Amino acid sequence: MRAGEEVQARVRASFDKQGLMHTLGATLVAVSPGAVEIALVPGPAVSQQHGFVHAGAVSAIADSAAGYAALTLMPPGAGVLTAEFKINLMAPAAGARILARGRVIKAGRTLTLAQAEVFSQGSEGGERLIALLTATLMAVQGREGVGD
């Protein structure tokens, strides 16, 4: 297995263990070094009272996209935990699909800064930026239960 394939397999295996992503119906769309995409199809299970995708669901896929982008650059066996994040919600989350694109801004040995842009995608293929998340992620090594 090549290094890129190992990173993809590692992230996909970890993503498959996430109960919340499964509950939300989120899917892992793309994985590459320093970047991850997670998609969510809007529906009643993830909506708020006005019919938009709930901010909690938008935040969850954005946080996971940023976290998994960070994990792609961490050594094998290391885990990743979010230390902090800030999200700006810029427009209602509605459309055919919600897509979070996470990418690493600066990778460090212990702390990594990542960002996720969240887009609303229409059935015709257009995109609209609806949220921006910045996160500080911590590499965790040698702690039982926290690993890839």
# chains A, B, ... in the order shown; residues from 1 in each chain; ligands from 1
call {"tool": "residues_around", "arguments": {"residues": "A:Met74", "least_positions_apart": "2", "cutoff": "9 Å", "atoms": "only C-alpha atoms", "output": "ChimeraX atom specification"}}
result
/A:70-72,76-80,107-109,139
call {"tool": "select_by_dssp", "arguments": {"residues": "stretch 5-130 of chain A", "states": "alpha helix (DSSP H)", "output": "mmCIF file with C-alpha atoms, in the first residue's frame"}}
result
data_model
loop_
_atom_site.group_PDB
_atom_site.id
_atom_site.type_symbol
_atom_site.label_atom_id
_atom_site.label_comp_id
_atom_site.auth_asym_id
_atom_site.auth_seq_id
_atom_site.Cartn_x
_atom_site.Cartn_y
_atom_site.Cartn_z
ATOM 1 C CA GLU A 5 -3.506 4.859 0.225
ATOM 2 C CA GLU A 6 -2.455 4.211 3.830
ATOM 3 C CA VAL A 7 -3.626 7.690 4.860
ATOM 4 C CA GLN A 8 -6.956 7.179 3.092
ATOM 5 C CA ALA A 9 -7.474 3.775 4.691
ATOM 6 C CA ARG A 10 -6.585 5.161 8.127
ATOM 7 C CA VAL A 11 -9.016 8.078 7.856
ATOM 8 C CA ARG A 12 -11.813 5.950 6.374
ATOM 9 C CA ALA A 13 -11.457 3.349 9.142
ATOM 10 C CA SER A 14 -11.618 6.065 11.808
ATOM 11 C CA PHE A 15 -14.576 7.806 10.138
ATOM 12 C CA ASP A 16 -16.477 4.503 10.043
ATOM 13 C CA GLY A 19 -21.455 7.194 15.568
ATOM 14 C CA LEU A 20 -22.446 10.826 15.102
ATOM 15 C CA MET A 21 -21.435 10.919 11.441
ATOM 16 C CA HIS A 22 -23.438 7.723 10.882
ATOM 17 C CA THR A 23 -26.433 9.170 12.761
ATOM 18 C CA LEU A 24 -26.307 12.354 10.657
ATOM 19 C CA ALA A 55 -26.195 24.487 12.881
ATOM 20 C CA GLY A 56 -25.128 21.568 15.097
ATOM 21 C CA ALA A 57 -25.028 19.250 12.079
ATOM 22 C CA VAL A 58 -23.153 21.844 10.001
ATOM 23 C CA SER A 59 -20.670 22.344 12.855
ATOM 24 C CA ALA A 60 -20.218 18.598 13.306
ATOM 25 C CA ILE A 61 -19.279 17.895 9.684
ATOM 26 C CA ALA A 62 -17.033 20.982 9.580
ATOM 27 C CA ASP A 63 -15.246 19.939 12.793
ATOM 28 C CA SER A 64 -14.781 16.389 11.497
ATOM 29 C CA ALA A 65 -13.493 17.624 8.124
ATOM 30 C CA ALA A 66 -10.913 19.848 9.849
ATOM 31 C CA GLY A 67 -9.967 17.099 12.315
ATOM 32 C CA TYR A 68 -9.518 14.431 9.680
ATOM 33 C CA ALA A 69 -7.520 16.823 7.504
ATOM 34 C CA ALA A 70 -5.178 17.202 10.501
ATOM 35 C CA LEU A 71 -5.054 13.440 11.065
#
call {"tool": "closest_atom_pairs", "arguments": {"of": "stretch 22-86 of chain A", "to": "stretch 120-125 of chain A", "cutoff": "10 Å", "atoms": "only C-alpha atoms", "output": "tab-separated table"}}
result
residue	atom	partner	partner_atom	distance
A:Ala39	CA	A:Ser120	CA	9.9
A:Leu40	CA	A:Ser120	CA	9.8
A:Val41	CA	A:Gln121	CA	9.8
A:Pro42	CA	A:Ser120	CA	9.9
call {"tool": "write_last_selection", "arguments": {"atoms": "C-alpha atoms", "output": "short mmCIF file (atom, residue, chain, number, x, y, z; two decimals), in the first residue's frame"}}
result
data_model
loop_
_atom_site.label_atom_id
_atom_site.label_comp_id
_atom_site.auth_asym_id
_atom_site.auth_seq_id
_atom_site.Cartn_x
_atom_site.Cartn_y
_atom_site.Cartn_z
CA ALA A 39 -20.96 15.55 2.71
CA LEU A 40 -24.41 15.62 4.26
CA VAL A 41 -27.76 15.35 2.48
CA PRO A 42 -30.38 17.61 4.07
#
call {"tool": "residues_around", "arguments": {"residues": "A:Arg128", "least_positions_apart": "4", "cutoff": "12 Å", "atoms": "only C-alpha atoms", "output": "short mmCIF file (atom, residue, chain, number, x, y, z; two decimals) with C-alpha atoms, in the first residue's frame"}}
result
data_model
loop_
_atom_site.label_atom_id
_atom_site.label_comp_id
_atom_site.auth_asym_id
_atom_site.auth_seq_id
_atom_site.Cartn_x
_atom_site.Cartn_y
_atom_site.Cartn_z
CA MET A 90 -23.02 32.94 6.95
CA ALA A 91 -26.18 31.65 5.28
CA PRO A 92 -28.89 29.07 5.93
CA ALA A 93 -27.83 25.50 5.22
CA ALA A 94 -30.18 24.39 2.47
CA GLY A 95 -29.76 22.73 -0.89
CA ALA A 96 -29.31 19.30 -2.40
CA ARG A 97 -26.13 18.61 -0.40
CA ILE A 98 -24.00 20.27 2.28
CA LEU A 99 -20.24 19.81 1.77
CA ALA A 100 -17.50 20.55 4.32
CA GLU A 117 -15.36 25.78 4.48
CA VAL A 118 -18.93 24.54 4.28
CA PHE A 119 -20.87 24.87 1.05
CA SER A 120 -24.49 24.46 0.09
CA GLN A 121 -24.67 22.68 -3.26
CA GLY A 122 -27.69 22.98 -5.49
CA LEU A 132 -16.36 28.89 7.88
#
